[in-house]
file start11.tsv (TSV, C-alpha atoms)
chain	number	residue	atom	x	y	z
I	1498	MET	CA	61.74	19.37	-172.77
I	1499	THR	CA	58.62	21.31	-173.67
I	1500	GLU	CA	57.67	24.06	-171.24
I	1501	THR	CA	54.54	23.48	-169.18
I	1502	ALA	CA	52.67	26.35	-170.88
I	1503	GLU	CA	53.17	24.71	-174.30
I	1504	ARG	CA	52.04	21.24	-173.29
I	1505	VAL	CA	48.74	19.90	-174.54
I	1506	ARG	CA	46.16	19.19	-171.87
I	1507	LEU	CA	44.80	15.72	-171.17
I	1508	SER	CA	42.12	14.52	-168.83
I	1509	GLN	CA	43.53	12.84	-165.76
I	1510	TRP	CA	42.13	9.49	-166.91
I	1511	ASP	CA	43.67	9.76	-170.40
I	1512	ALA	CA	47.03	10.59	-168.77
I	1513	ILE	CA	46.79	7.57	-166.46
I	1514	VAL	CA	45.85	5.26	-169.34
I	1515	LEU	CA	48.73	6.65	-171.46
I	1516	GLU	CA	51.20	6.08	-168.62
I	1517	SER	CA	49.88	2.53	-168.20
I	1518	VAL	CA	50.76	1.87	-171.84
I	1519	ARG	CA	54.19	3.50	-171.37
I	1520	ALA	CA	54.79	1.27	-168.33
I	1521	LEU	CA	54.63	-1.74	-170.66
I	1522	GLY	CA	57.89	-0.53	-172.22
I	1523	LEU	CA	56.54	0.68	-175.56
I	1524	THR	CA	58.37	3.51	-177.32
I	1525	ASP	CA	56.55	6.70	-178.36
I	1526	GLU	CA	56.50	5.45	-181.96
I	1527	GLU	CA	55.08	2.08	-180.90
I	1528	ILE	CA	52.39	3.76	-178.79
I	1529	LEU	CA	51.33	5.96	-181.73
I	1530	ARG	CA	51.37	3.14	-184.28
I	1531	ARG	CA	49.77	0.46	-182.12
I	1532	THR	CA	47.05	2.82	-180.87
I	1533	ALA	CA	46.15	3.72	-184.48
I	1534	GLU	CA	46.18	0.04	-185.48
I	1535	GLY	CA	44.25	-1.07	-182.40
I	1536	THR	CA	47.02	-3.53	-181.49
I	1537	LEU	CA	47.95	-2.36	-177.99
I	1538	PRO	CA	48.65	-5.21	-175.56
I	1539	GLU	CA	46.26	-5.99	-172.74
I	1540	PRO	CA	46.49	-3.69	-169.69
I	1541	GLN	CA	48.67	-5.04	-166.88
I	1542	GLU	CA	47.64	-2.35	-164.36
I	1543	GLU	CA	44.69	-3.39	-162.17
I	1544	ALA	CA	43.17	0.12	-162.29
I	1545	ILE	CA	42.97	0.02	-166.11
I	1546	SER	CA	40.50	-2.32	-167.77
I	1547	SER	CA	41.01	-1.09	-171.34
I	1548	PHE	CA	43.23	1.14	-173.46
I	1549	GLU	CA	40.17	2.18	-175.48
I	1550	PRO	CA	40.30	5.81	-174.20
I	1551	LEU	CA	43.57	6.23	-176.10
I	1552	ARG	CA	42.05	4.89	-179.32
I	1553	VAL	CA	39.18	7.35	-178.95
I	1554	LEU	CA	41.55	10.25	-178.23
I	1555	GLN	CA	43.78	9.29	-181.16
I	1556	ALA	CA	40.80	9.02	-183.52
I	1557	GLU	CA	39.15	12.29	-182.41
I	1558	GLN	CA	42.24	14.46	-181.80
I	1559	PRO	CA	45.25	12.88	-183.54
I	1560	GLU	CA	47.52	15.94	-183.27
I	1561	LEU	CA	46.80	16.38	-179.56
I	1562	PHE	CA	47.41	12.67	-178.95
I	1563	GLU	CA	50.71	12.73	-180.85
I	1564	GLN	CA	51.90	15.81	-178.93
I	1565	ALA	CA	50.93	14.26	-175.60
I	1566	VAL	CA	52.88	11.09	-176.41
I	1567	THR	CA	55.98	12.73	-177.91
I	1568	ALA	CA	56.28	16.13	-176.17
I	1569	GLY	CA	54.43	15.67	-172.89
I	1570	TYR	CA	51.16	16.91	-171.49
I	1571	ARG	CA	49.60	18.68	-168.56
I	1572	ILE	CA	46.60	17.23	-166.76
I	1573	LYS	CA	43.48	19.42	-167.00
I	1574	TYR	CA	42.24	18.70	-163.48
I	1575	ASN	CA	43.89	16.55	-160.80
I	1576	THR	CA	42.31	14.72	-157.88
I	1577	LEU	CA	44.09	13.16	-154.91
I	1578	GLY	CA	43.25	9.67	-156.16
I	1579	GLY	CA	44.42	10.46	-159.67
I	1580	ILE	CA	47.75	11.87	-158.47
I	1581	ASN	CA	48.18	8.77	-156.30
I	1582	THR	CA	47.49	6.45	-159.25
I	1583	TRP	CA	49.74	8.43	-161.65
I	1584	ILE	CA	52.70	8.26	-159.22
I	1585	ARG	CA	52.12	4.55	-158.61
I	1586	ILE	CA	51.99	3.71	-162.33
I	1587	VAL	CA	54.80	5.98	-163.50
I	1588	PHE	CA	57.31	5.52	-160.68
I	1589	GLY	CA	56.22	2.22	-159.15
I	1590	ARG	CA	55.97	3.82	-155.73
I	1591	THR	CA	53.19	3.57	-153.16
I	1592	PRO	CA	52.13	7.10	-152.20
I	1593	GLU	CA	49.90	7.94	-149.27
I	1594	ILE	CA	46.76	10.06	-149.59
I	1595	GLU	CA	45.83	12.45	-146.80
I	1596	ARG	CA	42.25	13.68	-146.99
I	1597	GLY	CA	41.84	15.73	-143.81
I	1598	GLU	CA	40.50	19.25	-144.25
I	1599	GLY	CA	43.38	21.66	-144.64
I	1600	ILE	CA	45.97	18.87	-144.92
I	1601	GLU	CA	44.87	17.10	-148.10
I	1602	GLY	CA	47.71	15.89	-150.26
I	1603	VAL	CA	49.60	12.94	-151.66
I	1604	SER	CA	52.91	12.02	-150.02
I	1605	ALA	CA	55.58	10.00	-151.82
I	1606	GLU	CA	59.27	9.27	-151.78
I	1607	LEU	CA	60.68	10.64	-155.05
I	1608	THR	CA	64.07	11.26	-156.61
I	1609	PRO	CA	64.76	14.78	-157.89
I	1610	GLU	CA	64.30	13.46	-161.44
I	1611	GLU	CA	60.91	11.98	-160.57
I	1612	ARG	CA	59.84	15.23	-158.91
I	1613	ASP	CA	60.90	17.11	-162.06
I	1614	ARG	CA	58.89	14.72	-164.25
I	1615	LEU	CA	55.77	15.06	-162.07
I	1616	ALA	CA	55.78	18.85	-161.64
I	1617	PRO	CA	54.89	19.93	-165.22
I	1618	VAL	CA	52.17	17.26	-165.48
I	1619	LEU	CA	50.16	18.55	-162.50
I	1620	SER	CA	47.17	20.74	-163.23
I	1621	ILE	CA	47.08	24.36	-162.20
I	1622	GLY	CA	46.36	24.62	-158.50
I	1623	TRP	CA	48.76	21.89	-157.34
I	1624	THR	CA	52.35	22.15	-156.12
I	1625	ILE	CA	55.05	19.82	-154.82
I	1626	GLU	CA	56.53	20.53	-151.39
I	1627	ARG	CA	59.61	18.83	-150.03
I	1628	GLN	CA	59.18	17.40	-146.55
I	1629	GLY	CA	62.30	17.65	-144.40
I	1630	THR	CA	65.88	17.60	-145.63
I	1631	GLU	CA	66.72	13.90	-145.45
I	1632	GLU	CA	67.53	11.82	-148.52
I	1633	ASP	CA	67.87	8.06	-148.41
I	1634	SER	CA	70.72	6.04	-149.92
I	1635	LEU	CA	68.89	5.94	-153.29
I	1636	GLY	CA	68.61	9.73	-153.43
I	1637	THR	CA	64.87	9.86	-152.73
I	1638	ALA	CA	63.29	12.37	-150.42
I	1639	SER	CA	59.81	12.82	-149.04
I	1640	TYR	CA	57.52	15.11	-151.06
I	1641	ARG	CA	53.86	16.10	-150.78
I	1642	VAL	CA	51.68	17.11	-153.70
I	1643	VAL	CA	49.23	19.62	-152.26
I	1644	PRO	CA	46.70	22.16	-153.44
I	1645	VAL	CA	48.12	25.67	-153.77
I	1646	ARG	CA	46.96	27.73	-150.83
I	1647	SER	CA	46.25	31.41	-151.23
call {"tool": "encode", "arguments": {"input": "start11.tsv", "output": "structure tokens"}}
result
Amino acid sequence: MTETAERVRLSQWDAIVLESVRALGLTDEEILRRTAEGTLPEPQEEAISSFEPLRVLQAEQPELFEQAVTAGYRIKYNTLGGINTWIRIVFGRTPEIERGEGIEGVSAELTPEERDRLAPVLSIGWTIERQGTEEDSLGTASYRVVPVRS
């Protein structure tokens, strides 16, 4: 796996749109080819109306797009809503957003593998904290994605 520091950076929206395409079961090669050809299927995710942002990214920055698809990416700037949507699309889980001052974050039940997939994608300034020590029968535990506090 590519280290976080070496990952290309995508906007949060481009990352969400890319993950929506991935969620359709396309391989990296199919995503690259079908984006270039303009033959991506219709979005199935209600939050995504079009895969056009990927076509624009592929046309304007083909090397960056290829790296993001094949080697991973880091989001340039995360928001609570964007983290929530990314987790929902990628893992099929329903996170909870907390917006109170000093307690803002996104809580979700994740497996260790899911946590490890999410961590390098988050923009600088965000961290994942485990909540409690309990794991359920599927190996998931409660985590919160929160802003780094100084």
call {"tool": "closest_residue", "arguments": {"input": "start11.tsv", "among": "I:Leu1551, I:Ile1584, I:Ala1544, I:Val1645", "to": "Ser1620 (chain I)", "atoms": "only C-alpha atoms"}}
result
I:Val1645
call {"tool": "residues_near_point", "arguments": {"input": "start11.tsv", "point": "(54.7, 9.4, -151.8)", "cutoff": "10 Å", "atoms": "all atoms listed in the file", "output": "PyMOL selection string"}}
result
chain I and resi 1580-1581+1584-1585+1590-1594+1602-1607+1638-1642
call {"tool": "closest_atom_pairs", "arguments": {"input": "start11.tsv", "of": "region 1607-1647 of chain I", "to": "region 1565-1576 of chain I", "cutoff": "12 Å", "atoms": "only C-alpha atoms", "output": "CSV"}}
result
residue,atom,partner,partner_atom,distance
I:Arg1614,CA,I:Gly1569,CA,9.8
I:Leu1615,CA,I:Arg1571,CA,9.7
I:Ala1616,CA,I:Arg1571,CA,9.3
I:Pro1617,CA,I:Arg1571,CA,6.4
I:Val1618,CA,I:Arg1571,CA,4.3
I:Leu1619,CA,I:Ile1572,CA,5.7
I:Ser1620,CA,I:Ile1572,CA,5.0
I:Ile1621,CA,I:Tyr1574,CA,7.6
I:Gly1622,CA,I:Asn1575,CA,8.7
I:Trp1623,CA,I:Asn1575,CA,8.0
I:Thr1624,CA,I:Asn1575,CA,11.2
I:Val1642,CA,I:Thr1576,CA,10.5
I:Val1643,CA,I:Thr1576,CA,10.2
I:Pro1644,CA,I:Asn1575,CA,9.7
call {"tool": "residues_around", "arguments": {"input": "start11.tsv", "residues": "Gln1558 (chain I)", "least_positions_apart": "6", "cutoff": "12 Å", "atoms": "only C-alpha atoms", "output": "VMD selection string"}}
result
chain I and resid 1505 to 1507 1533 1550 to 1552 1564 to 1565
call {"tool": "atom_distance", "arguments": {"input": "start11.tsv", "atom1": "CA of Arg1646 (chain I)", "atom2": "CA of Asp1613 (chain I)"}}
result
20.8 Å
